[in-house]
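Visitor: The structure file entry29.pdb (PDB, C-alpha atoms and all ligand atoms) is provided below.
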ATOM      1  CA  MET A  23       0.000   0.000   0.000
ATOM      2  CA  GLU A  24       1.427   3.340  -1.090
ATOM      3  CA  ILE A  25       1.306   6.368   1.205
ATOM      4  CA  PHE A  26       1.121   9.866  -0.259
ATOM      5  CA  LYS A  27       1.586  13.113   1.631
ATOM      6  CA  THR A  28       1.025  15.348  -1.381
ATOM      7  CA  LYS A  29      -1.557  15.597  -4.146
ATOM      8  CA  ALA A  30       1.262  15.748  -6.745
ATOM      9  CA  THR A  31       2.795  12.381  -5.769
ATOM     10  CA  LEU A  32      -0.650  10.765  -5.736
ATOM     11  CA  LYS A  33      -1.458  12.213  -9.176
ATOM     12  CA  ALA A  34       1.867  10.886 -10.538
ATOM     13  CA  PHE A  35       1.020   7.408  -9.157
ATOM     14  CA  LEU A  36      -2.472   7.441 -10.666
ATOM     15  CA  LYS A  37      -1.568   8.833 -14.117
ATOM     16  CA  PRO A  38      -0.267   5.590 -15.741
ATOM     17  CA  LEU A  39      -3.012   3.553 -14.062
ATOM     18  CA  LYS A  40      -5.696   5.812 -15.538
ATOM     19  CA  GLU A  41      -3.969   5.732 -18.922
ATOM     20  CA  SER A  42      -4.118   1.934 -18.870
ATOM     21  CA  GLY A  43      -7.873   2.103 -18.253
ATOM     22  CA  LYS A  44      -7.998   1.280 -14.562
ATOM     23  CA  LYS A  45     -11.087   2.423 -12.691
ATOM     24  CA  ILE A  46     -10.315   4.505  -9.600
ATOM     25  CA  ALA A  47     -12.372   4.659  -6.389
ATOM     26  CA  LEU A  48     -11.939   7.214  -3.626
ATOM     27  CA  VAL A  49     -12.934   6.554  -0.014
ATOM     28  CA  PRO A  50     -12.637   9.874   1.848
ATOM     29  CA  THR A  51     -12.275   9.573   5.635
ATOM     30  CA  MET A  52     -11.083  11.527   8.639
ATOM     31  CA  GLY A  53      -9.333   8.444  10.046
ATOM     32  CA  ALA A  54     -10.099   6.686  13.344
ATOM     33  CA  LEU A  55     -11.227   3.877  11.107
ATOM     34  CA  HIS A  56     -13.686   1.155  12.081
ATOM     35  CA  ASN A  57     -15.474  -1.647  10.258
ATOM     36  CA  GLY A  58     -17.903   0.836   8.712
ATOM     37  CA  HIS A  59     -14.960   2.382   6.821
ATOM     38  CA  ILE A  60     -13.656  -1.058   5.884
ATOM     39  CA  SER A  61     -17.066  -1.875   4.397
ATOM     40  CA  LEU A  62     -16.590   1.211   2.164
ATOM     41  CA  ILE A  63     -13.201  -0.136   1.030
ATOM     42  CA  LYS A  64     -14.734  -3.562   0.332
ATOM     43  CA  LEU A  65     -17.597  -2.070  -1.675
ATOM     44  CA  ALA A  66     -15.090   0.115  -3.539
ATOM     45  CA  GLN A  67     -13.176  -3.038  -4.516
ATOM     46  CA  GLN A  68     -16.342  -4.371  -6.161
ATOM     47  CA  ASN A  69     -16.695  -1.168  -8.179
ATOM     48  CA  ALA A  70     -13.132  -0.220  -9.137
ATOM     49  CA  ASP A  71      -9.583  -1.535  -9.732
ATOM     50  CA  ILE A  72      -7.592   0.918  -7.625
ATOM     51  CA  ILE A  73      -8.792   2.063  -4.203
ATOM     52  CA  ILE A  74      -7.492   5.310  -2.743
ATOM     53  CA  CYS A  75      -8.436   6.178   0.826
ATOM     54  CA  SER A  76      -7.848   9.668   2.172
ATOM     55  CA  ILE A  77      -7.252  10.391   5.836
ATOM     56  CA  PHE A  78      -7.604  14.070   6.623
ATOM     57  CA  VAL A  79      -9.216  15.694   9.646
ATOM     58  CA  ASN A  80     -10.733  18.647   7.839
ATOM     59  CA  PRO A  81     -10.727  21.814   9.989
ATOM     60  CA  THR A  82     -13.287  23.717   7.889
ATOM     61  CA  GLN A  83     -16.137  21.329   8.712
ATOM     62  CA  PHE A  84     -15.786  21.585  12.501
ATOM     63  CA  THR A  85     -18.035  24.117  14.136
ATOM     64  CA  ASP A  86     -16.570  23.504  17.591
ATOM     65  CA  PRO A  87     -12.771  23.918  17.938
ATOM     66  CA  LYS A  88     -12.778  21.527  20.944
ATOM     67  CA  ASP A  89     -14.362  18.835  18.770
ATOM     68  CA  LEU A  90     -11.577  19.285  16.194
ATOM     69  CA  GLU A  91      -8.910  19.133  18.889
ATOM     70  CA  LYS A  92     -10.220  15.946  20.468
ATOM     71  CA  TYR A  93     -10.932  14.157  17.168
ATOM     72  CA  PRO A  94      -9.112  10.777  17.457
ATOM     73  CA  ARG A  95      -6.032  10.299  15.229
ATOM     74  CA  PRO A  96      -4.804   6.682  15.657
ATOM     75  CA  ILE A  97      -2.776   6.714  12.456
ATOM     76  CA  GLU A  98      -0.774   3.462  12.874
ATOM     77  CA  HIS A  99      -3.969   1.542  13.600
ATOM     78  CA  ASP A 100      -5.682   3.135  10.573
ATOM     79  CA  LEU A 101      -2.850   2.239   8.203
ATOM     80  CA  ALA A 102      -2.787  -1.364   9.462
ATOM     81  CA  MET A 103      -6.543  -1.666   8.873
ATOM     82  CA  LEU A 104      -6.288  -0.258   5.342
ATOM     83  CA  GLU A 105      -3.327  -2.468   4.492
ATOM     84  CA  SER A 106      -5.139  -5.629   5.551
ATOM     85  CA  ALA A 107      -8.307  -4.525   3.710
ATOM     86  CA  GLY A 108      -6.258  -4.406   0.497
ATOM     87  CA  CYS A 109      -6.412  -0.635  -0.074
ATOM     88  CA  SER A 110      -4.104   0.462  -2.937
ATOM     89  CA  GLY A 111      -3.019   3.853  -1.622
ATOM     90  CA  VAL A 112      -3.606   6.387   1.158
ATOM     91  CA  LEU A 113      -3.533  10.160   0.827
ATOM     92  CA  MET A 114      -2.517  11.686   4.157
ATOM     93  CA  PRO A 115      -1.932  15.385   3.499
ATOM     94  CA  ASN A 116      -1.274  18.023   6.135
ATOM     95  CA  VAL A 117      -3.524  21.058   6.514
ATOM     96  CA  GLU A 118      -1.305  23.304   4.411
ATOM     97  CA  GLU A 119      -1.314  20.832   1.515
ATOM     98  CA  MET A 120      -5.105  21.054   1.335
ATOM     99  CA  TYR A 121      -5.396  24.721   2.331
ATOM    100  CA  PRO A 122      -2.241  26.454   1.015
ATOM    101  CA  LEU A 123      -1.610  29.692   2.894
ATOM    102  CA  ASP A 124      -1.068  31.624  -0.347
ATOM    103  CA  GLU A 125      -4.446  30.593  -1.763
ATOM    104  CA  ASP A 126      -7.166  32.918  -0.615
ATOM    105  CA  GLU A 127     -10.216  30.762  -1.057
ATOM    106  CA  ASN A 128     -13.764  31.796  -0.376
ATOM    107  CA  TRP A 129     -15.799  28.628  -0.671
ATOM    108  CA  HIS A 130     -19.538  28.988  -0.757
ATOM    109  CA  ILE A 131     -21.806  27.046  -3.069
ATOM    110  CA  ASN A 132     -25.532  26.539  -3.284
ATOM    111  CA  LEU A 133     -26.298  23.146  -1.765
ATOM    112  CA  GLY A 134     -30.041  23.671  -1.714
ATOM    113  CA  LYS A 135     -32.449  24.214   1.179
ATOM    114  CA  ALA A 136     -31.537  20.895   2.798
ATOM    115  CA  GLU A 137     -28.164  22.370   3.827
ATOM    116  CA  PHE A 138     -29.891  24.342   6.563
ATOM    117  CA  LEU A 139     -32.083  21.567   7.978
ATOM    118  CA  LEU A 140     -31.277  18.972  10.671
ATOM    119  CA  GLU A 141     -27.463  18.898  11.100
ATOM    120  CA  GLY A 142     -27.300  22.195   9.241
ATOM    121  CA  GLU A 143     -29.278  23.828  12.040
ATOM    122  CA  PHE A 144     -27.013  22.507  14.761
ATOM    123  CA  ARG A 145     -23.698  22.800  12.891
ATOM    124  CA  LYS A 146     -23.857  26.001  10.873
ATOM    125  CA  GLY A 147     -21.592  25.945   7.821
ATOM    126  CA  HIS A 148     -20.700  22.285   8.350
ATOM    127  CA  TYR A 149     -21.711  21.173   4.848
ATOM    128  CA  GLN A 150     -19.873  24.036   3.183
ATOM    129  CA  GLY A 151     -16.728  22.703   4.905
ATOM    130  CA  VAL A 152     -17.518  19.090   3.971
ATOM    131  CA  THR A 153     -18.168  19.866   0.307
ATOM    132  CA  GLN A 154     -15.129  22.162   0.161
ATOM    133  CA  ILE A 155     -12.744  19.376   1.218
ATOM    134  CA  VAL A 156     -14.503  16.668  -0.782
ATOM    135  CA  LYS A 157     -14.194  18.820  -3.925
ATOM    136  CA  LYS A 158     -10.451  19.259  -3.210
ATOM    137  CA  LEU A 159     -10.085  15.489  -2.763
ATOM    138  CA  PHE A 160     -12.051  14.854  -5.965
ATOM    139  CA  ASP A 161      -9.738  17.284  -7.809
ATOM    140  CA  ALA A 162      -6.668  15.504  -6.417
ATOM    141  CA  VAL A 163      -7.824  11.979  -7.275
ATOM    142  CA  GLU A 164     -10.313  12.494 -10.125
ATOM    143  CA  PRO A 165     -11.964   9.182  -9.221
ATOM    144  CA  ASP A 166     -14.591   7.340 -11.249
ATOM    145  CA  VAL A 167     -16.513   6.499  -8.088
ATOM    146  CA  ALA A 168     -16.493   7.733  -4.494
ATOM    147  CA  MET A 169     -17.914   5.913  -1.490
ATOM    148  CA  PHE A 170     -19.755   7.446   1.470
ATOM    149  CA  GLY A 171     -21.563   5.867   4.421
ATOM    150  CA  GLN A 172     -25.330   6.162   4.817
ATOM    151  CA  LYS A 173     -24.861   6.991   8.511
ATOM    152  CA  ASP A 174     -24.149  10.564   7.412
ATOM    153  CA  PHE A 175     -27.325  10.614   5.346
ATOM    154  CA  GLN A 176     -27.452  14.384   4.942
ATOM    155  CA  GLN A 177     -23.748  14.494   4.059
ATOM    156  CA  VAL A 178     -24.314  12.097   1.133
ATOM    157  CA  LEU A 179     -27.169  14.282  -0.125
ATOM    158  CA  MET A 180     -25.002  17.417   0.142
ATOM    159  CA  ILE A 181     -22.124  15.729  -1.705
ATOM    160  CA  LYS A 182     -24.495  14.591  -4.460
ATOM    161  CA  ASN A 183     -25.746  18.188  -4.719
ATOM    162  CA  MET A 184     -22.152  19.436  -4.956
ATOM    163  CA  VAL A 185     -21.412  16.885  -7.714
ATOM    164  CA  LYS A 186     -24.477  18.172  -9.613
ATOM    165  CA  TYR A 187     -23.459  21.808  -9.008
ATOM    166  CA  PHE A 188     -20.057  21.257 -10.696
ATOM    167  CA  ASP A 189     -21.371  18.609 -13.079
ATOM    168  CA  LEU A 190     -18.586  16.218 -12.020
ATOM    169  CA  PRO A 191     -18.268  12.842 -13.803
ATOM    170  CA  ILE A 192     -18.071  10.962 -10.487
ATOM    171  CA  GLN A 193     -20.507   8.283  -9.346
ATOM    172  CA  ILE A 194     -21.409   8.548  -5.666
ATOM    173  CA  ILE A 195     -22.061   5.203  -4.011
ATOM    174  CA  THR A 196     -23.759   5.060  -0.611
ATOM    175  CA  CYS A 197     -22.871   2.157   1.682
ATOM    176  CA  PRO A 198     -25.306   0.778   4.282
ATOM    177  CA  ILE A 199     -24.776   1.578   7.958
ATOM    178  CA  ILE A 200     -22.609  -0.948   9.801
ATOM    179  CA  ARG A 201     -23.768  -1.562  13.369
ATOM    180  CA  GLU A 202     -22.229  -3.120  16.458
ATOM    181  CA  ASP A 203     -23.859  -6.396  17.571
ATOM    182  CA  ASP A 204     -26.168  -4.491  19.924
ATOM    183  CA  GLY A 205     -27.295  -2.068  17.181
ATOM    184  CA  LEU A 206     -25.192   1.055  17.788
ATOM    185  CA  ALA A 207     -24.147   2.542  14.443
ATOM    186  CA  MET A 208     -20.354   2.456  14.115
ATOM    187  CA  SER A 209     -18.757   5.882  14.402
ATOM    188  CA  SER A 210     -15.299   7.241  15.120
ATOM    189  CA  ARG A 211     -16.902   9.222  17.927
ATOM    190  CA  ASN A 212     -18.101   6.134  19.817
ATOM    191  CA  ILE A 213     -14.732   5.830  21.568
ATOM    192  CA  HIS A 214     -15.628   8.954  23.557
ATOM    193  CA  LEU A 215     -18.636   7.186  25.158
ATOM    194  CA  SER A 216     -18.252   6.127  28.791
ATOM    195  CA  ALA A 217     -19.575   2.662  29.730
ATOM    196  CA  ALA A 218     -22.866   4.228  30.863
ATOM    197  CA  ASP A 219     -23.114   6.428  27.740
ATOM    198  CA  ARG A 220     -22.425   3.397  25.578
ATOM    199  CA  GLN A 221     -25.432   1.643  27.127
ATOM    200  CA  HIS A 222     -27.621   4.754  26.804
ATOM    201  CA  SER A 223     -26.599   5.260  23.176
ATOM    202  CA  LEU A 224     -28.636   2.196  22.158
ATOM    203  CA  VAL A 225     -31.740   4.366  22.337
ATOM    204  CA  LEU A 226     -30.948   5.798  18.898
ATOM    205  CA  ASN A 227     -31.117   2.420  17.170
ATOM    206  CA  GLU A 228     -34.097   1.314  19.289
ATOM    207  CA  SER A 229     -36.215   4.372  18.513
ATOM    208  CA  LEU A 230     -35.434   4.177  14.779
ATOM    209  CA  HIS A 231     -36.167   0.493  14.757
ATOM    210  CA  PHE A 232     -39.506   1.127  16.470
ATOM    211  CA  VAL A 233     -40.539   3.565  13.738
ATOM    212  CA  VAL A 234     -39.606   1.211  10.902
ATOM    213  CA  LYS A 235     -41.308  -1.755  12.574
ATOM    214  CA  HIS A 236     -44.527   0.084  13.401
ATOM    215  CA  PHE A 237     -44.676   2.316  10.332
ATOM    216  CA  ASP A 238     -47.964   0.821   9.087
ATOM    217  CA  GLU A 239     -49.690   1.009  12.471
ATOM    218  CA  TYR A 240     -49.503   4.719  13.330
ATOM    219  CA  SER A 241     -49.698   8.147  11.717
ATOM    220  CA  LEU A 242     -46.482  10.126  11.110
ATOM    221  CA  GLU A 243     -47.217  12.363  14.120
ATOM    222  CA  GLU A 244     -47.825   9.360  16.369
ATOM    223  CA  LEU A 245     -44.652   7.635  15.178
ATOM    224  CA  GLU A 246     -42.519  10.693  15.908
ATOM    225  CA  ALA A 247     -44.174  11.265  19.274
ATOM    226  CA  LYS A 248     -43.691   7.628  20.286
ATOM    227  CA  ALA A 249     -40.064   7.645  19.107
ATOM    228  CA  LYS A 250     -39.354  10.750  21.199
ATOM    229  CA  ILE A 251     -40.729   9.050  24.321
ATOM    230  CA  PHE A 252     -37.766   6.636  24.113
ATOM    231  CA  TYR A 253     -35.520   9.571  25.068
ATOM    232  CA  LYS A 254     -37.468  10.679  28.132
ATOM    233  CA  ASP A 255     -35.662  10.171  31.428
ATOM    234  CA  ILE A 256     -32.482   8.619  30.054
ATOM    235  CA  GLU A 257     -29.714  10.125  32.107
ATOM    236  CA  GLY A 258     -27.243  12.169  30.094
ATOM    237  CA  VAL A 259     -29.146  11.852  26.817
ATOM    238  CA  GLU A 260     -30.418  15.002  25.120
ATOM    239  CA  LEU A 261     -32.407  14.652  21.905
ATOM    240  CA  ASP A 262     -31.624  17.270  19.235
ATOM    241  CA  TYR A 263     -34.126  15.986  16.682
ATOM    242  CA  PHE A 264     -36.049  12.933  15.649
ATOM    243  CA  THR A 265     -37.803  13.297  12.332
ATOM    244  CA  ILE A 266     -39.386  11.292   9.559
ATOM    245  CA  ALA A 267     -38.345  13.139   6.439
ATOM    246  CA  ASN A 268     -38.400  12.997   2.692
ATOM    247  CA  GLY A 269     -35.051  11.451   1.740
ATOM    248  CA  ASN A 270     -34.549  13.806  -1.214
ATOM    249  CA  THR A 271     -35.332  17.106   0.486
ATOM    250  CA  LEU A 272     -35.011  16.302   4.217
ATOM    251  CA  GLU A 273     -38.220  18.279   4.747
ATOM    252  CA  PRO A 274     -40.544  16.620   7.273
ATOM    253  CA  ALA A 275     -42.631  14.026   5.458
ATOM    254  CA  ALA A 276     -46.066  15.410   4.608
ATOM    255  CA  SER A 277     -47.635  12.018   3.974
ATOM    256  CA  LYS A 278     -46.865   8.359   4.536
ATOM    257  CA  ASP A 279     -47.397   7.835   0.800
ATOM    258  CA  GLU A 280     -44.254   9.778  -0.163
ATOM    259  CA  GLU A 281     -41.710   7.734  -2.127
ATOM    260  CA  ASN A 282     -38.464   8.112  -0.144
ATOM    261  CA  LEU A 283     -38.905   8.254   3.590
ATOM    262  CA  VAL A 284     -36.164   8.144   6.174
ATOM    263  CA  ALA A 285     -36.159   8.478   9.954
ATOM    264  CA  LEU A 286     -33.244  10.575  11.206
ATOM    265  CA  VAL A 287     -32.068  11.260  14.723
ATOM    266  CA  ALA A 288     -29.367  13.238  16.513
ATOM    267  CA  ALA A 289     -28.780  13.174  20.252
ATOM    268  CA  LYS A 290     -26.114  14.141  22.704
ATOM    269  CA  VAL A 291     -25.106  11.151  24.807
ATOM    270  CA  GLY A 292     -22.906  12.384  27.637
ATOM    271  CA  SER A 293     -20.622  14.828  25.880
ATOM    272  CA  THR A 294     -20.728  12.992  22.535
ATOM    273  CA  ARG A 295     -23.146  13.946  19.786
ATOM    274  CA  LEU A 296     -24.400  10.935  17.817
ATOM    275  CA  ILE A 297     -26.426  10.711  14.630
ATOM    276  CA  ASP A 298     -28.206   7.741  13.094
ATOM    277  CA  ASN A 299     -30.932   7.001  10.559
ATOM    278  CA  MET A 300     -32.998   4.252   8.972
ATOM    279  CA  ILE A 301     -34.509   4.260   5.524
ATOM    280  CA  ILE A 302     -38.221   3.423   5.811
ATOM    281  CA  LYS A 303     -38.857   3.100   2.078
TER     282      LYS A 303
HETATM  283  O1  LIG A 401     -17.501  11.639   6.705
HETATM  284  C1  LIG A 401     -16.344  12.073   6.900
HETATM  285  O2  LIG A 401     -15.488  11.392   7.474
HETATM  286  C2  LIG A 401     -15.990  13.463   6.421
HETATM  287  O3  LIG A 401     -17.052  14.332   6.556
HETATM  288  C3  LIG A 401     -15.433  13.487   5.000
HETATM  289  C4  LIG A 401     -16.465  13.058   3.984
HETATM  290  C5  LIG A 401     -14.204  12.581   4.905
HETATM  291  C6  LIG A 401     -14.995  14.912   4.640
HETATM  292  O4  LIG A 401     -14.016  15.389   5.506
END
Any chance you could put this one into C-alpha cells?
Guide:
Amino acid sequence: MEIFKTKATLKAFLKPLKESGKKIALVPTMGALHNGHISLIKLAQQNADIIICSIFVNPTQFTDPKDLEKYPRPIEHDLAMLESAGCSGVLMPNVEEMYPLDEDENWHINLGKAEFLLEGEFRKGHYQGVTQIVKKLFDAVEPDVAMFGQKDFQQVLMIKNMVKYFDLPIQIITCPIIREDDGLAMSSRNIHLSAADRQHSLVLNESLHFVVKHFDEYSLEELEAKAKIFYKDIEGVELDYFTIANGNTLEPAASKDEENLVALVAAKVGSTRLIDNMIIK
C-alpha cells in the first residue's frame, strides 16, 4: 500500500493507471477507522480496480474547535486496517497541503435548502466545509466512483448536490450503515462514550427500529411522538431531533405515501453527539 503526503505524488502514481484504463475509487475519511470504513473499502473493490483512501481531519467542517482538537487520530492503527483490507493507496496530506496559505479561497456554493435543515441547524456551515474538502479530494484523485456511508445521510445528499453543481463525472455510491452487535451505528466518535453512555446510546437504534417496525400502524405524528418518548428520562441523553423526512429534500414528510422516507435522529449522549438514521422506504 502506497502512502502519499502530497496531491502531486498521488497524481503521478495514478496517471499511468488511468492511462491503462484502470477504474479509480476514492474513499474519503477523517481516520479513526472502524469496520464501517472497511465496508466502504470492500464495496469500492467491487466497483473499481484501484482504491485510494484519504485520511484528513478537515478543519473547515468543525463548528466547535474543541471537537476538532479531540478528534481521534490513531494513524498506525488506521494504516494497518487499510493495508489488511487491500487498499491500494492512502492520501494523508497536512492542513497546508489542502489549504495552502497563499491561496485565498472563499468557498460557498448553493447546496439547496436541505443544507440548513437537521445537522445544518445545529452545525452552521458544516456542509460548506464538507463539500469544500470533498471537492479538493475529488480534484486531487479524479476518481470514477467515491464511497460514502449512509450513517451521514445528509452528508451524502449534500455531496451529491455538490457533484451536480459542478457537473462532475463521479458516481457517488452510498454504503449501508454498519452496526455493532447491539445495534449502535459504528462511528469514530463512539470511543468517547463512557460505559454508561455506551449503554444509553442504544436508544438511537431502538427508537429508529420502532418507527420502521410500526410504520404501518400509526400516523407520522404518532410515530414521531412515540419515538421521542424513548428519550425521556435517560440520564445524560439530550435529543436534538427525531424526524421522519423525505429522503430527497429532508423536509418533514407530509404524507406516509411519499416515495423516499427516512427516519433521522441526533442526540447528545454524555458529551458525545451521535447521529443515526434508517430508511423506511
Ligand atoms: O464523513 C467524513 O469522514 C468526512 O465528513 C469526509 C467526507 C471525509 C470529509 O471530511
Visitor: Pick from A:Ser61, A:Asn299, A:Ser210, A:Asn282: nearest to ligand LIG 401 (chain A), with only C-alpha atoms and all ligand atoms counted?
Guide: A:Ser210
Visitor: Find the residues near Asp204 (chain A): any atom within 12 Å, counting only C-alpha atoms, skip ones fewer than 4 places away on the same chain, and give them as a PyMOL selection string.
Guide: chain A and resi 200+208+220-228
Visitor: Closest to Phe170 (chain A) among A:Asp189, A:Ser241, A:Val156, A:Ile97, using only C-alpha atoms?
Guide: A:Val156
Visitor: Kindly work out which residues sit at most 8 Å from ligand LIG 401 (chain A), using only C-alpha atoms and all ligand atoms, and give the list as a ChimeraX atom specification.
Guide: /A:49-53,76-80,83,151-153,155-156,170-171,174,177
Visitor: For each of A:Gly292, A:Pro191, A:Gly258, A:Pro94, take the minimum atom-to-atom distance to Phe160 (chain A), counting all atoms listed in the file, then give the residue where this is smallest.
Guide: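 Checking each candidate against Phe160 (chain A), we get A:Pro191 as the closest.
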Visitor: Show me as a PDB file with C-alpha atoms, keeping the file's coordinate frame the residues that reach within 9 Å of (-16.4, 2.2, 15.3), counting all atoms listed in the file and using the file's own coordinates.
Guide:
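After the write, part.pdb holds the following:
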ATOM      1  CA  ALA A  54     -10.099   6.686  13.344  1.00  0.00           C
ATOM      2  CA  LEU A  55     -11.227   3.877  11.107  1.00  0.00           C
ATOM      3  CA  HIS A  56     -13.686   1.155  12.081  1.00  0.00           C
ATOM      4  CA  ASN A  57     -15.474  -1.647  10.258  1.00  0.00           C
ATOM      5  CA  GLY A  58     -17.903   0.836   8.712  1.00  0.00           C
ATOM      6  CA  HIS A  59     -14.960   2.382   6.821  1.00  0.00           C
ATOM      7  CA  ILE A 200     -22.609  -0.948   9.801  1.00  0.00           C
ATOM      8  CA  ARG A 201     -23.768  -1.562  13.369  1.00  0.00           C
ATOM      9  CA  GLU A 202     -22.229  -3.120  16.458  1.00  0.00           C
ATOM     10  CA  ALA A 207     -24.147   2.542  14.443  1.00  0.00           C
ATOM     11  CA  MET A 208     -20.354   2.456  14.115  1.00  0.00           C
ATOM     12  CA  SER A 209     -18.757   5.882  14.402  1.00  0.00           C
ATOM     13  CA  SER A 210     -15.299   7.241  15.120  1.00  0.00           C
ATOM     14  CA  ARG A 211     -16.902   9.222  17.927  1.00  0.00           C
ATOM     15  CA  ASN A 212     -18.101   6.134  19.817  1.00  0.00           C
ATOM     16  CA  ILE A 213     -14.732   5.830  21.568  1.00  0.00           C
TER      17      ILE A 213
END
Visitor: Quote the spacing between CA of Gly108 (chain A) and CA of Ala162 (chain A) in Å to one decimal place.
Guide: 21.1 Å
Visitor: Calculated over all atoms listed in the file, which of the candidates A:Val178, A:Ile72, A:Met300, A:Val167 has the smallest distance to Leu190 (chain A)?
Guide: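 Using all atoms listed in the file, the shortest distance to Leu190 (chain A) belongs to A:Val167.
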Visitor: For region 261-274 of chain A, find every residue with an atom within 9 Å (counting all atoms listed in the file), except residues of its own chain fewer than 3 positions away, and show them as a ChimeraX atom specification.
Guide: /A:134-136,139-140,144,175-176,179,230,233,242,245-246,249-250,253-254,280-291,301-302
Visitor: May I have the residues within 12 Å of Lys157 (chain A) as a ChimeraX atom specification, using only C-alpha atoms and disregarding those fewer than 2 positions away in the same chain?
Guide: /A:48,50,120,129-131,149-155,159-165,168,180-190,192
Visitor: Closest to Lys29 (chain A) among A:Ile74, A:Met169, A:Ala107, A:Leu296, using only C-alpha atoms?
Guide: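 Using only C-alpha atoms, Lys29 (chain A) sits closest to A:Ile74.
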Visitor: Calculate how many Å separate CA of Leu104 (chain A) from CA of Gln67 (chain A), rounding to one decimal.
Guide: 12.3 Å
Visitor: Ranking A:Met103, A:Pro38, A:Asp203, A:Gly43 by minimum distance to Lys64 (chain A) and counting all atoms listed in the file, which one comes first?
Guide: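 Counting all atoms listed in the file, the residue closest to Lys64 (chain A) is A:Met103.
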Visitor: Expressed in Å to a single decimal, how great is the separation between CA of Glu137 (chain A) and CA of Thr82 (chain A)?
Guide: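 Rounded to one decimal, the two atoms are 15.5 Å apart.
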Visitor: Report as a list of chain:residue names the full result of the PyMOL selection byres (((chain A and resi 113) around 7) and not hetatm) when it is applied to this structure.
Guide: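 Checked against the file, the PyMOL selection byres (((chain A and resi 113) around 7) and not hetatm) matches A:Ile25, A:Phe26, A:Lys27, A:Cys75, A:Ser76, A:Ile77, A:Gly111, A:Val112, A:Met114, A:Pro115.
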Visitor: For the file shown, what are the residues hit by the PyMOL selection byres (((chain A and resi 39) around 12) and not hetatm), laid out as a ChimeraX atom specification?
Guide: /A:32-38,40-46,70-73,110,163,165
Visitor: Complete region 248-253 of chain A with all heavy atoms (output as a compact mmCIF listing (two decimals), keeping the file's coordinate frame).
Guide:
# COMPACT_ATOMS: atom_id res chain seq x y z
N LYS A 248 -44.06 8.86 19.57
CA LYS A 248 -43.69 7.63 20.29
C LYS A 248 -42.17 7.43 20.28
O LYS A 248 -41.59 6.98 21.26
CB LYS A 248 -44.39 6.41 19.66
CG LYS A 248 -45.88 6.33 20.03
CD LYS A 248 -46.56 5.13 19.40
CE LYS A 248 -48.05 5.15 19.67
NZ LYS A 248 -48.39 4.92 21.08
N ALA A 249 -41.54 7.78 19.17
CA ALA A 249 -40.06 7.64 19.11
C ALA A 249 -39.42 8.57 20.13
O ALA A 249 -38.44 8.19 20.79
CB ALA A 249 -39.58 7.98 17.71
N LYS A 250 -39.97 9.78 20.28
CA LYS A 250 -39.35 10.75 21.20
C LYS A 250 -39.47 10.31 22.65
O LYS A 250 -38.63 10.64 23.49
CB LYS A 250 -39.97 12.14 20.99
CG LYS A 250 -39.47 12.79 19.70
CD LYS A 250 -40.12 14.12 19.43
CE LYS A 250 -39.64 14.66 18.09
NZ LYS A 250 -40.42 15.80 17.62
N ILE A 251 -40.54 9.54 22.94
CA ILE A 251 -40.73 9.05 24.32
C ILE A 251 -39.55 8.16 24.75
O ILE A 251 -39.17 8.15 25.93
CB ILE A 251 -42.09 8.30 24.46
CG1 ILE A 251 -43.22 9.31 24.29
CG2 ILE A 251 -42.19 7.57 25.79
CD1 ILE A 251 -44.60 8.69 24.25
N PHE A 252 -38.93 7.47 23.79
CA PHE A 252 -37.77 6.64 24.11
C PHE A 252 -36.67 7.43 24.85
O PHE A 252 -35.88 6.88 25.59
CB PHE A 252 -37.15 6.07 22.83
CG PHE A 252 -37.82 4.84 22.29
CD1 PHE A 252 -39.05 4.91 21.65
CD2 PHE A 252 -37.21 3.59 22.41
CE1 PHE A 252 -39.65 3.77 21.13
CE2 PHE A 252 -37.81 2.45 21.91
CZ PHE A 252 -39.04 2.53 21.26
N TYR A 253 -36.62 8.75 24.56
CA TYR A 253 -35.52 9.57 25.07
C TYR A 253 -35.81 10.20 26.42
O TYR A 253 -34.93 10.80 27.04
CB TYR A 253 -35.17 10.67 24.05
CG TYR A 253 -34.62 10.06 22.78
CD1 TYR A 253 -35.49 9.53 21.82
CD2 TYR A 253 -33.26 9.96 22.56
CE1 TYR A 253 -35.00 8.92 20.67
CE2 TYR A 253 -32.76 9.35 21.42
CZ TYR A 253 -33.64 8.83 20.48
OH TYR A 253 -33.15 8.21 19.36
